[in-house]
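Engineer: This is the content of coords_2.cif (mmCIF, C-alpha atoms and all ligand atoms):
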```cif
data_structure
#
loop_
_atom_site.label_atom_id
_atom_site.label_comp_id
_atom_site.auth_asym_id
_atom_site.auth_seq_id
_atom_site.Cartn_x
_atom_site.Cartn_y
_atom_site.Cartn_z
CA MET A 1460 0.00 0.00 0.00
CA PRO A 1461 1.38 3.46 -0.86
CA ASN A 1462 2.17 5.83 1.99
CA LYS A 1463 -0.62 8.19 3.07
CA ARG A 1464 0.03 11.81 2.07
CA ILE A 1465 -0.33 14.14 5.07
CA GLN A 1466 -1.22 17.74 4.22
CA ILE A 1467 1.00 20.34 5.87
CA PHE A 1468 -0.97 23.45 6.85
CA ASP A 1469 1.37 26.21 7.94
CA THR A 1470 -0.03 28.93 10.19
CA THR A 1471 3.17 30.90 10.86
CA LEU A 1472 1.59 33.99 9.32
CA ARG A 1473 -1.58 33.72 11.41
CA ASP A 1474 -1.17 31.85 14.73
CA GLY A 1475 2.59 32.51 14.65
CA GLU A 1476 2.17 36.16 13.87
CA GLN A 1477 -0.09 36.61 16.91
CA VAL A 1478 2.99 36.36 19.14
CA PRO A 1479 3.72 39.73 20.79
CA GLY A 1480 6.60 41.43 18.97
CA CYS A 1481 6.44 39.10 15.94
CA GLN A 1482 4.21 41.25 13.74
CA LEU A 1483 5.39 41.63 10.15
CA ASN A 1484 4.65 44.26 7.54
CA THR A 1485 3.10 43.26 4.20
CA GLU A 1486 6.41 42.99 2.36
CA GLU A 1487 7.88 40.75 5.03
CA LYS A 1488 4.77 38.57 5.00
CA ILE A 1489 5.01 38.19 1.23
CA GLU A 1490 8.66 37.13 1.56
CA VAL A 1491 7.76 34.51 4.18
CA ALA A 1492 4.76 33.31 2.11
CA GLN A 1493 6.95 32.83 -0.99
CA ALA A 1494 9.49 30.89 1.06
CA LEU A 1495 6.68 28.71 2.44
CA GLU A 1496 5.54 28.02 -1.11
CA SER A 1497 9.07 26.92 -2.07
CA LEU A 1498 9.19 24.79 1.07
CA GLY A 1499 6.16 22.97 -0.34
CA VAL A 1500 3.43 23.59 2.25
CA ASP A 1501 0.03 22.41 1.05
CA VAL A 1502 -1.85 25.19 2.79
CA MET A 1503 -0.72 28.49 4.30
CA GLU A 1504 -2.97 30.36 6.67
CA VAL A 1505 -1.89 33.94 6.15
CA GLY A 1506 -4.06 36.04 8.40
CA PHE A 1507 -7.34 36.99 10.03
CA PRO A 1508 -8.54 39.66 7.58
CA ILE A 1509 -11.28 41.18 9.76
CA SER A 1510 -8.71 41.90 12.49
CA SER A 1511 -7.13 44.98 10.85
CA PRO A 1512 -6.87 46.77 7.48
CA GLY A 1513 -3.15 45.90 7.39
CA ASP A 1514 -3.87 42.20 7.83
CA PHE A 1515 -6.58 42.36 5.15
CA GLU A 1516 -4.15 43.99 2.71
CA SER A 1517 -1.39 41.44 3.28
CA VAL A 1518 -3.78 38.49 2.92
CA GLN A 1519 -5.08 40.02 -0.32
CA LYS A 1520 -1.57 40.55 -1.73
CA ILE A 1521 -0.36 37.08 -0.76
CA ALA A 1522 -3.50 35.55 -2.26
CA SER A 1523 -2.76 37.17 -5.61
CA ILE A 1524 0.90 35.99 -5.65
CA ILE A 1525 0.86 32.40 -4.34
CA LYS A 1526 -0.02 29.79 -6.94
CA ASN A 1527 0.95 26.36 -5.65
CA SER A 1528 -0.28 26.36 -2.05
CA THR A 1529 -3.84 26.84 -0.85
CA VAL A 1530 -4.17 30.29 0.73
CA CYS A 1531 -6.38 30.28 3.81
CA ALA A 1532 -7.95 33.12 5.79
CA LEU A 1533 -9.31 32.83 9.32
CA SER A 1534 -12.72 34.01 10.48
CA ARG A 1535 -15.00 33.56 13.46
CA ALA A 1536 -18.45 32.05 12.87
CA VAL A 1537 -19.71 35.53 12.07
CA GLU A 1538 -21.08 36.59 8.68
CA LYS A 1539 -19.08 39.84 8.47
CA ASP A 1540 -15.81 38.00 9.27
CA ILE A 1541 -16.55 35.45 6.58
CA GLU A 1542 -17.38 38.11 3.97
CA VAL A 1543 -14.13 39.97 4.68
CA ALA A 1544 -12.10 36.75 4.61
CA ALA A 1545 -13.72 35.81 1.28
CA GLU A 1546 -12.93 39.21 -0.19
CA ALA A 1547 -9.30 39.03 0.95
CA ILE A 1548 -8.69 35.66 -0.72
CA ALA A 1549 -10.87 36.25 -3.79
CA LYS A 1550 -7.85 36.26 -6.13
CA ALA A 1551 -6.23 33.14 -4.72
CA ALA A 1552 -5.59 30.25 -7.11
CA ARG A 1553 -6.70 27.90 -4.30
CA PRO A 1554 -8.74 29.80 -1.69
CA ARG A 1555 -9.86 28.39 1.65
CA ILE A 1556 -11.93 29.96 4.44
CA HIS A 1557 -11.24 28.71 7.97
CA THR A 1558 -14.21 29.40 10.20
CA GLY A 1559 -15.33 28.04 13.54
CA ILE A 1560 -16.45 28.43 17.11
CA GLY A 1561 -15.58 27.22 20.62
CA THR A 1562 -17.13 23.86 21.51
CA SER A 1563 -15.86 23.10 25.02
CA ASP A 1564 -18.21 23.82 27.92
CA SER A 1565 -15.80 26.48 29.09
CA HIS A 1566 -16.02 28.28 25.74
CA ILE A 1567 -19.76 27.74 25.33
CA PHE A 1568 -20.87 28.79 28.80
CA ASP A 1569 -18.13 31.14 30.03
CA LYS A 1570 -16.93 32.83 26.84
CA LEU A 1571 -19.90 32.70 24.47
CA LYS A 1572 -22.64 32.65 27.20
CA SER A 1573 -24.50 30.26 24.96
CA THR A 1574 -25.75 26.67 24.78
CA ARG A 1575 -24.47 23.55 23.04
CA GLU A 1576 -27.46 23.61 20.63
CA ASN A 1577 -26.88 27.23 19.69
CA VAL A 1578 -23.14 26.74 19.13
CA LEU A 1579 -23.82 23.78 16.85
CA GLU A 1580 -26.31 25.87 14.84
CA ARG A 1581 -23.84 28.77 14.58
CA GLY A 1582 -21.10 26.44 13.35
CA VAL A 1583 -23.35 24.96 10.69
CA ALA A 1584 -24.58 28.40 9.60
CA ALA A 1585 -20.97 29.67 9.32
CA VAL A 1586 -19.94 26.75 7.10
CA LYS A 1587 -23.01 27.21 4.87
CA TYR A 1588 -22.32 30.93 4.60
CA ALA A 1589 -18.63 30.40 3.76
CA LYS A 1590 -19.64 27.86 1.07
CA ARG A 1591 -21.37 30.71 -0.78
CA PHE A 1592 -17.92 32.18 -1.45
CA VAL A 1593 -15.53 29.23 -1.74
CA GLU A 1594 -15.72 25.48 -2.19
CA ASP A 1595 -12.95 24.73 0.30
CA VAL A 1596 -14.21 25.49 3.82
CA GLU A 1597 -12.39 24.35 6.95
CA PHE A 1598 -14.26 24.31 10.26
CA TYR A 1599 -12.46 24.60 13.62
CA ALA A 1600 -14.00 23.40 16.86
CA GLU A 1601 -12.03 25.67 19.17
CA ASP A 1602 -10.87 23.96 22.38
CA ALA A 1603 -11.80 20.56 20.93
CA GLY A 1604 -9.08 19.15 23.18
CA ARG A 1605 -11.33 19.81 26.19
CA THR A 1606 -14.63 19.20 24.39
CA ASP A 1607 -16.77 16.22 25.32
CA ASN A 1608 -16.25 13.66 22.54
CA GLU A 1609 -19.97 12.85 22.04
CA TYR A 1610 -20.86 16.50 21.55
CA LEU A 1611 -17.79 17.12 19.40
CA ALA A 1612 -18.88 14.25 17.15
CA GLN A 1613 -22.35 15.82 16.75
CA VAL A 1614 -20.83 19.18 15.78
CA ILE A 1615 -18.38 17.62 13.34
CA GLU A 1616 -21.09 15.50 11.72
CA ALA A 1617 -23.31 18.55 11.27
CA VAL A 1618 -20.61 20.77 9.75
CA ILE A 1619 -19.53 18.05 7.33
CA ALA A 1620 -23.16 17.67 6.25
CA ALA A 1621 -23.17 21.46 5.76
CA GLY A 1622 -20.19 21.17 3.38
CA ALA A 1623 -16.98 21.47 5.45
CA THR A 1624 -14.10 19.96 3.47
CA VAL A 1625 -11.69 19.94 6.42
CA VAL A 1626 -12.54 19.61 10.12
CA ASN A 1627 -9.98 21.03 12.50
CA ILE A 1628 -9.79 19.54 16.01
CA PRO A 1629 -7.64 22.07 17.90
CA ASP A 1630 -6.10 21.31 21.25
CA THR A 1631 -6.28 25.05 21.80
CA THR A 1632 -4.94 25.00 25.35
CA GLY A 1633 -2.36 22.22 24.82
CA TYR A 1634 -4.10 20.14 27.49
CA CYS A 1635 -4.35 16.67 25.94
CA LEU A 1636 -1.93 13.82 26.44
CA PRO A 1637 -0.89 12.17 23.17
CA TRP A 1638 -3.05 9.06 23.67
CA GLN A 1639 -6.06 11.17 24.68
CA TYR A 1640 -5.72 13.31 21.57
CA GLY A 1641 -5.22 10.19 19.43
CA GLU A 1642 -8.33 8.60 20.97
CA LYS A 1643 -10.33 11.75 20.22
CA ILE A 1644 -9.44 11.54 16.54
CA LYS A 1645 -10.18 7.81 16.51
CA PHE A 1646 -13.55 8.45 18.18
CA LEU A 1647 -14.48 10.90 15.43
CA LYS A 1648 -13.29 8.49 12.74
CA GLU A 1649 -15.48 5.75 14.20
CA ASN A 1650 -18.56 7.72 15.23
CA VAL A 1651 -19.14 10.57 12.78
CA ILE A 1652 -21.34 9.77 9.80
CA GLY A 1653 -19.70 11.19 6.67
CA ILE A 1654 -16.27 11.60 8.28
CA ASP A 1655 -14.59 10.28 5.14
CA ASN A 1656 -16.01 13.21 3.17
CA ALA A 1657 -13.67 15.59 5.04
CA ILE A 1658 -10.03 15.69 6.04
CA ILE A 1659 -9.45 15.71 9.80
CA SER A 1660 -6.88 18.30 10.85
CA THR A 1661 -4.74 18.57 13.98
CA HIS A 1662 -3.94 21.97 15.52
CA CYS A 1663 -2.02 21.37 18.72
CA HIS A 1664 -0.67 23.98 21.11
CA ASN A 1665 2.44 23.44 23.18
CA ASP A 1666 1.46 24.50 26.72
CA LEU A 1667 2.71 21.18 28.13
CA GLY A 1668 5.37 20.64 25.47
CA LEU A 1669 3.19 18.03 23.76
CA ALA A 1670 2.17 19.79 20.54
CA THR A 1671 4.38 17.73 18.27
CA ALA A 1672 3.62 14.41 20.02
CA ASN A 1673 -0.12 15.14 19.90
CA SER A 1674 -0.01 15.99 16.19
CA ILE A 1675 1.71 12.69 15.46
CA ALA A 1676 -0.86 10.85 17.62
CA GLY A 1677 -3.52 12.61 15.54
CA VAL A 1678 -2.26 11.40 12.18
CA ALA A 1679 -1.54 7.94 13.58
CA ASN A 1680 -5.26 7.75 14.39
CA GLY A 1681 -6.66 9.03 11.11
CA ALA A 1682 -6.04 12.79 10.76
CA GLY A 1683 -4.89 13.81 7.28
CA GLN A 1684 -3.62 17.33 7.93
CA ILE A 1685 -1.26 18.85 10.51
CA GLU A 1686 -1.40 22.54 11.39
CA CYS A 1687 1.97 23.82 12.50
CA THR A 1688 4.36 26.76 12.39
CA ILE A 1689 8.00 27.33 11.57
CA ASN A 1690 10.09 27.12 14.78
CA GLY A 1691 6.88 26.19 16.62
CA ILE A 1692 5.94 29.83 17.22
CA GLY A 1693 2.37 30.74 18.14
CA GLU A 1694 0.09 31.80 20.96
CA ARG A 1695 1.63 31.33 24.44
CA ALA A 1696 3.99 28.32 24.29
CA GLY A 1697 3.39 28.03 20.55
CA ASN A 1698 2.14 25.44 18.08
CA ALA A 1699 3.46 22.14 16.79
CA SER A 1700 6.68 22.85 14.97
CA LEU A 1701 6.61 22.20 11.22
CA GLU A 1702 10.20 21.02 11.04
CA GLU A 1703 9.63 18.53 13.86
CA VAL A 1704 6.43 16.93 12.56
CA VAL A 1705 7.81 16.73 9.03
CA MET A 1706 11.07 15.11 10.10
CA ILE A 1707 9.31 12.67 12.43
CA LEU A 1708 7.12 11.46 9.57
CA ARG A 1709 10.18 11.21 7.34
CA GLN A 1710 12.48 9.46 9.79
CA HIS A 1711 9.84 6.98 10.90
CA SER A 1712 9.10 5.45 7.52
CA ASP A 1713 7.35 2.60 9.39
CA LEU A 1714 4.47 5.02 10.02
CA LYS A 1715 3.92 5.08 6.23
CA PHE A 1716 3.25 8.80 5.87
CA ASP A 1717 4.65 11.27 3.36
CA THR A 1718 4.57 15.06 3.19
CA GLY A 1719 5.35 17.26 0.21
CA ILE A 1720 7.93 19.29 2.15
CA ASN A 1721 11.30 20.03 0.58
CA THR A 1722 13.23 19.34 3.78
CA LYS A 1723 16.46 20.87 2.44
CA CYS A 1724 14.80 24.28 2.89
CA LEU A 1725 13.99 23.75 6.58
CA LYS A 1726 17.07 25.43 8.06
CA SER A 1727 16.89 28.52 5.83
CA MET A 1728 13.13 28.77 6.41
CA SER A 1729 13.71 28.71 10.16
CA GLU A 1730 16.38 31.43 9.90
CA LEU A 1731 14.14 33.60 7.73
CA VAL A 1732 11.23 33.44 10.20
CA SER A 1733 13.50 33.93 13.19
CA THR A 1734 15.14 37.01 11.64
CA LYS A 1735 12.00 38.62 10.29
CA MET A 1736 10.01 38.01 13.46
CA ARG A 1737 12.89 38.95 15.78
CA MET A 1738 12.33 35.67 17.60
CA PRO A 1739 15.59 33.77 18.31
CA VAL A 1740 15.55 29.99 18.01
CA GLN A 1741 16.68 28.23 21.18
CA PRO A 1742 20.07 26.56 20.49
CA ASN A 1743 18.81 23.10 21.53
CA LYS A 1744 15.68 23.30 19.32
CA ALA A 1745 15.20 20.02 17.44
CA ILE A 1746 16.14 20.05 13.73
CA VAL A 1747 16.91 23.78 13.36
CA GLY A 1748 18.63 24.87 16.60
CA ALA A 1749 22.31 25.88 16.43
CA ASN A 1750 23.26 22.81 18.49
CA ALA A 1751 20.99 20.30 16.71
CA PHE A 1752 24.00 18.85 14.86
CA ALA A 1753 26.82 20.01 17.17
CA HIS A 1754 28.80 17.54 19.25
CA SER A 1755 30.83 18.68 22.20
CA SER A 1756 31.61 15.82 24.57
CA GLY A 1757 34.73 13.76 23.88
CA ILE A 1758 32.82 10.45 23.78
CA HIS A 1759 30.27 11.76 21.27
CA GLN A 1760 32.90 13.46 19.13
CA ASP A 1761 34.97 10.30 18.93
CA GLY A 1762 31.84 8.38 17.83
CA VAL A 1763 30.71 10.91 15.23
CA ILE A 1764 34.20 11.20 13.74
CA LYS A 1765 34.24 7.40 13.27
CA SER A 1766 30.67 7.22 11.98
CA ARG A 1767 28.13 10.05 11.91
CA GLU A 1768 25.23 7.69 12.68
CA THR A 1769 26.56 6.84 16.15
CA TYR A 1770 25.04 10.05 17.51
CA GLU A 1771 22.94 11.46 14.65
CA ILE A 1772 19.62 10.12 13.36
CA ILE A 1773 19.29 12.74 10.63
CA ASP A 1774 21.84 13.63 7.97
CA PRO A 1775 22.20 17.42 8.45
CA LEU A 1776 22.27 17.88 4.66
CA GLU A 1777 18.67 16.60 4.54
CA VAL A 1778 17.47 19.64 6.46
CA GLY A 1779 19.79 22.14 4.81
CA VAL A 1780 22.56 22.19 7.43
CA ASP A 1781 25.96 21.94 5.72
CA GLU A 1782 27.59 19.53 8.14
CA SER A 1783 27.63 18.33 11.73
CA SER A 1784 29.90 20.42 13.87
CA ILE A 1785 32.46 19.38 16.39
CA VAL A 1786 32.55 22.09 19.04
CA LEU A 1787 35.83 22.17 20.91
CA THR A 1788 35.41 22.70 24.63
CA ALA A 1789 37.12 21.39 27.78
CA ARG A 1790 34.89 18.29 27.42
CA SER A 1791 36.41 17.42 24.01
CA GLY A 1792 38.96 14.69 23.55
CA ARG A 1793 42.16 14.12 21.58
CA ALA A 1794 40.24 12.61 18.64
CA ALA A 1795 38.34 15.85 18.12
CA LEU A 1796 41.49 17.94 18.44
CA ASN A 1797 43.28 15.82 15.87
CA TYR A 1798 40.24 15.89 13.58
CA ARG A 1799 40.08 19.69 13.70
CA ALA A 1800 43.82 19.95 13.10
CA LYS A 1801 43.41 17.93 9.87
CA LYS A 1802 40.45 20.12 8.82
CA LEU A 1803 42.61 23.19 9.33
CA GLY A 1804 45.41 21.65 7.27
CA PHE A 1805 47.78 20.56 10.06
CA ASP A 1806 49.40 17.20 10.54
CA VAL A 1807 49.95 16.64 14.25
CA PRO A 1808 52.79 14.15 14.93
CA ARG A 1809 51.80 11.47 17.49
CA GLU A 1810 54.50 12.50 19.95
CA VAL A 1811 53.19 16.07 20.31
CA ILE A 1812 49.47 15.42 20.59
CA GLU A 1813 49.62 14.93 24.39
CA GLU A 1814 51.41 18.23 24.89
CA LEU A 1815 49.09 20.05 22.48
CA TYR A 1816 46.08 18.54 24.21
CA LYS A 1817 47.28 19.83 27.62
CA GLN A 1818 47.70 23.33 26.21
CA PHE A 1819 44.33 23.04 24.49
CA LEU A 1820 42.62 22.24 27.83
CA VAL A 1821 44.12 25.35 29.42
CA ILE A 1822 42.71 27.50 26.60
CA ALA A 1823 39.37 25.66 26.76
CA ASP A 1824 38.98 26.21 30.50
CA GLU A 1825 39.62 29.88 29.98
CA LYS A 1826 37.60 30.48 26.80
CA LYS A 1827 34.80 27.85 27.10
CA VAL A 1828 34.59 27.33 23.32
CA VAL A 1829 37.92 27.17 21.49
CA GLN A 1830 37.82 28.91 18.11
CA ASP A 1831 39.77 27.97 14.98
CA SER A 1832 41.88 31.12 15.36
CA ASP A 1833 43.10 29.87 18.78
CA LEU A 1834 43.82 26.45 17.34
CA ILE A 1835 45.82 27.80 14.41
CA VAL A 1836 48.12 29.59 16.89
CA LEU A 1837 48.40 26.40 18.95
CA PHE A 1838 49.05 24.07 16.01
CA SER A 1839 51.49 26.44 14.36
CA GLN A 1840 53.94 25.86 17.22
CA THR A 1841 54.50 22.16 16.65
CA ALA A 1842 52.27 20.68 13.96
CA VAL A 1843 53.28 20.41 10.33
CA LYS A 1844 51.18 22.44 7.93
CA THR A 1845 50.06 20.19 5.08
CA ALA A 1846 47.76 22.40 3.07
O1 LIG B 1 -5.82 27.31 18.74
C1 LIG B 1 -6.89 27.42 18.12
O2 LIG B 1 -7.92 26.86 18.49
C2 LIG B 1 -6.89 28.27 16.94
C3 LIG B 1 -8.13 28.27 16.10
C4 LIG B 1 -8.50 29.64 15.71
C5 LIG B 1 -7.94 27.35 14.92
O3 LIG B 1 -5.89 28.87 16.61
ZN ZN B 2 -4.11 28.05 17.60
#
```
Take the structure in this file and express it as structure tokens.
Ligand code: KIV
Ligand code: ZN

Structural biologist:
Amino acid sequence: MPNKRIQIFDTTLRDGEQVPGCQLNTEEKIEVAQALESLGVDVMEVGFPISSPGDFESVQKIASIIKNSTVCALSRAVEKDIEVAAEAIAKAARPRIHTGIGTSDSHIFDKLKSTRENVLERGVAAVKYAKRFVEDVEFYAEDAGRTDNEYLAQVIEAVIAAGATVVNIPDTTGYCLPWQYGEKIKFLKENVIGIDNAIISTHCHNDLGLATANSIAGVANGAGQIECTINGIGERAGNASLEEVVMILRQHSDLKFDTGINTKCLKSMSELVSTKMRMPVQPNKAIVGANAFAHSSGIHQDGVIKSRETYEIIDPLEVGVDESSIVLTARSGRAALNYRAKKLGFDVPREVIEELYKQFLVIADEKKVVQDSDLIVLFSQTAVKTA
């Protein structure tokens, strides 16, 4: 059986852009949108057009430029929101409206001051209204993670009957455990009449650090789309990170899922978003962090120098990182020192390596990370320059 194709829905320019301090101007958003298109995302959610004239304008511009990815605009289950979203994406080659409403008791009773029946009716009405403008309508059941499964199934069944092409099951507060989220998706698969007429989407937040794990549990139980952001940015602790979910599906070929992502663009995509949004990437961030392919302890360095796979499960070239790096610190060993000497064009005779290593440790204790410039001075004393 061929692998199942999972749709990658990027929401860096909507959920990601909600992060305080990460707002972009229209030109910057266009640059990010074009890079996302080259990365190969199936869908990009590029804004919430009713929220401001600036957001409307950037969604409109992006919609007229992007040709290969579906361009999606967010709305609440409110007619005016839907009209403005439809107008903003009118020129898109592949337009999608993303509309929805809160379905957990907390959202229904505390936020919306409503009832379950009324929320279901509003969701259905929003989907029907959006269908007047576009064929492709995605419905989100906000806070689905904390929504009672029986009621969630009723809402999802009703919105699919109303024409929703994609049903988004957000874990808005990042509350679910991976098996709970997986069971929720399975429950919908098994209990919603017409579920095969729509794609189930995951949209997992990272409040407990489980966004990526929950997204994978979602697709393992029948979801066909993952909503995620570059570097995992988004409201509060962020969303599932695109680079993580994509590389998990790729590395675990036993899961039998494919995405259309050009993984060699992941590192540059991460740098672009980080720079434009003024949001540094933590060095230990999986896949794209500065240390993701850096080895600093002597034991690890010795292993990696002998065979990269001893301590790396991903070839850095696959994600657009030139090579693994051996960082020289006071925890490094002789193998790493010798390796770096060769890289810098020095041949270190066996009899001097011990002495050089002692001197290296003194520098390392003082400087923490030993740079090539320090090493060149050190090697020049005794090593033979070969190149
Ligand atoms: O987290 C969430 O529930 C959302 C919806 C608007 C899809 O971002
Ligand atoms: Zn969200």

Engineer: Would you list the contacts of region 1720-1727 of chain A as a CSV table (one decimal) with C-alpha atoms, in the coordinates of the input, taking every protein, DNA or RNA residue within 8 Å and counting all atoms listed in the file, but skipping same-chain residues closer than 2 positions in sequence?

Structural biologist:
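Below you can see result_5.csv, which holds the result:
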```
chain,number,residue,atom,x,y,z
A,1467,ILE,CA,1.0,20.3,5.9
A,1497,SER,CA,9.1,26.9,-2.1
A,1498,LEU,CA,9.2,24.8,1.1
A,1499,GLY,CA,6.2,23.0,-0.3
A,1500,VAL,CA,3.4,23.6,2.2
A,1702,GLU,CA,10.2,21.0,11.0
A,1705,VAL,CA,7.8,16.7,9.0
A,1706,MET,CA,11.1,15.1,10.1
A,1718,THR,CA,4.6,15.1,3.2
A,1729,SER,CA,13.7,28.7,10.2
A,1730,GLU,CA,16.4,31.4,9.9
A,1731,LEU,CA,14.1,33.6,7.7
A,1746,ILE,CA,16.1,20.0,13.7
A,1747,VAL,CA,16.9,23.8,13.4
A,1776,LEU,CA,22.3,17.9,4.7
A,1777,GLU,CA,18.7,16.6,4.5
A,1778,VAL,CA,17.5,19.6,6.5
A,1779,GLY,CA,19.8,22.1,4.8
A,1780,VAL,CA,22.6,22.2,7.4
```

Engineer: List all protein, DNA and RNA residues that have at least one atom no more than 10 Å from any atom of ligand LIG 1 (chain B), counting only C-alpha atoms and all ligand atoms, and write them as a PyMOL selection string.

Structural biologist: chain A and resi 1470+1473-1475+1477+1507+1533-1535+1557-1561+1597-1604+1627-1633+1660-1664+1686+1693-1694+1697-1698

Engineer: Could you give me, as a list in words, the residues within 8 Å of Cys1635 (chain A), counting all atoms listed in the file and dropping anything in the same chain fewer than 4 positions from it?

Structural biologist: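 Counting only the stated atoms, we get Gly1604, Arg1605, Asp1630, Gln1639, Tyr1640, Leu1669 and Asn1673 of chain A.
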
Engineer: Include C-alpha atoms and write out the residues we just selected as a PDB file, in the coordinates of the input.

Structural biologist:
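again-v8.pdb written:
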```pdb
ATOM      1  CA  GLY A1604      -9.080  19.150  23.180  1.00  0.00           C
ATOM      2  CA  ARG A1605     -11.330  19.810  26.190  1.00  0.00           C
ATOM      3  CA  ASP A1630      -6.100  21.310  21.250  1.00  0.00           C
ATOM      4  CA  GLN A1639      -6.060  11.170  24.680  1.00  0.00           C
ATOM      5  CA  TYR A1640      -5.720  13.310  21.570  1.00  0.00           C
ATOM      6  CA  LEU A1669       3.190  18.030  23.760  1.00  0.00           C
ATOM      7  CA  ASN A1673      -0.120  15.140  19.900  1.00  0.00           C
TER       8      ASN A1673
END
```

Engineer: Measuring atom to atom with all atoms listed in the file, identify which of A:Glu1616, A:Asp1666, A:Glu1771, A:Glu1546 is nearest to ligand ZN 2 (chain B).

Structural biologist: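 Once distances to ligand ZN 2 (chain B) are computed over all atoms listed in the file, the minimum belongs to A:Asp1666.
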
Engineer: Looking at only C-alpha atoms, which of A:Lys1645, A:Ile1509, A:Thr1671, A:Ile1556 is the one that sits closest to Ala1623 (chain A)?

Structural biologist: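 Selected residue with least distance to Ala1623 (chain A): A:Ile1556.
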
Engineer: From the list A:Ile1615, A:Leu1579, A:Ala1670, A:Ile1525, which residue is nearest ligand ZN 2 (chain B) when using all atoms listed in the file?

Structural biologist: A:Ala1670

Engineer: Show which residues sit within 9 Å of Glu1496 (chain A), as a ChimeraX atom specification. Count all atoms listed in the file, and ignore same-chain residues fewer than 5 positions away.

Structural biologist: /A:1491,1501-1503,1525-1528

Engineer: Return the single residue from A:Pro1508, A:Tyr1610, A:Ile1692, A:Val1586 that is closest to ligand ZN 2 (chain B), with distances computed using all atoms listed in the file.

Structural biologist: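 Under the stated criterion, the closest residue is A:Ile1692.
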
Engineer: Using all atoms listed in the file, pick whichever of A:Met1728, A:Val1530, A:Ile1685, A:Leu1815 has the shortest atom-to-atom distance to ligand ZN 2 (chain B).

Structural biologist: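 Checking each candidate against ligand ZN 2 (chain B), we get A:Ile1685 as the closest.
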
Engineer: From the list A:Arg1695, A:Thr1574, A:Lys1520, A:Ala1676, which residue is nearest ligand ZN 2 (chain B) when using all atoms listed in the file?

Structural biologist: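 Among the listed residues, the smallest separation from ligand ZN 2 (chain B) belongs to A:Arg1695.
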
Engineer: One decimal, in Å: what's the spacing between CA of Lys1643 (chain A) and CA of Thr1688 (chain A)?

Structural biologist: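 Result for CA of Lys1643 (chain A) versus CA of Thr1688 (chain A): 22.4 Å, one decimal.
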
Engineer: Neighbours of Ala1551 (chain A) within 7 Å (only C-alpha atoms; same-chain residues fewer than 3 positions away dropped), as an NGL selection string?

Structural biologist: :A and (1522-1523 or 1530 or 1548 or 1554)

Engineer: Could you write those residues out with C-alpha atoms, as a short mmCIF file (atom, residue, chain, number, x, y, z; two decimals), in the frame of the given file?

Structural biologist:
```cif
data_model
loop_
_atom_site.label_atom_id
_atom_site.label_comp_id
_atom_site.auth_asym_id
_atom_site.auth_seq_id
_atom_site.Cartn_x
_atom_site.Cartn_y
_atom_site.Cartn_z
CA ALA A 1522 -3.50 35.55 -2.26
CA SER A 1523 -2.76 37.17 -5.61
CA VAL A 1530 -4.17 30.29 0.73
CA ILE A 1548 -8.69 35.66 -0.72
CA PRO A 1554 -8.74 29.80 -1.69
#
```

Engineer: So which residues touch region 1829-1837 of chain A within 9 Å, counting all atoms listed in the file, skipping near sequence neighbours fewer than 2 positions away, as a PyMOL selection string?

Structural biologist: chain A and resi 1786-1789+1796+1799-1800+1803+1805+1815+1818-1819+1822-1823+1826-1827+1839-1842

Engineer: Output C-alpha atoms for every residue in that selection, as a tab-separated table (two decimals), in the frame of the given file.

Structural biologist:
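Final output, saved to selection-v5.tsv:
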```
chain	number	residue	atom	x	y	z
A	1786	VAL	CA	32.55	22.09	19.04
A	1787	LEU	CA	35.83	22.17	20.91
A	1788	THR	CA	35.41	22.70	24.63
A	1789	ALA	CA	37.12	21.39	27.78
A	1796	LEU	CA	41.49	17.94	18.44
A	1799	ARG	CA	40.08	19.69	13.70
A	1800	ALA	CA	43.82	19.95	13.10
A	1803	LEU	CA	42.61	23.19	9.33
A	1805	PHE	CA	47.78	20.56	10.06
A	1815	LEU	CA	49.09	20.05	22.48
A	1818	GLN	CA	47.70	23.33	26.21
A	1819	PHE	CA	44.33	23.04	24.49
A	1822	ILE	CA	42.71	27.50	26.60
A	1823	ALA	CA	39.37	25.66	26.76
A	1826	LYS	CA	37.60	30.48	26.80
A	1827	LYS	CA	34.80	27.85	27.10
A	1839	SER	CA	51.49	26.44	14.36
A	1840	GLN	CA	53.94	25.86	17.22
A	1841	THR	CA	54.50	22.16	16.65
A	1842	ALA	CA	52.27	20.68	13.96
```

Engineer: Hey, can you check how far CA of Pro1512 (chain A) sits from CA of Glu1486 (chain A)?

Structural biologist: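 Separation between CA of Pro1512 (chain A) and CA of Glu1486 (chain A): 14.7 Å.
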
Engineer: Quote the spacing between CA of Asp1595 (chain A) and CA of Gly1677 (chain A) in Å to one decimal place.

Structural biologist: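 These atoms are spaced 21.6 Å apart.
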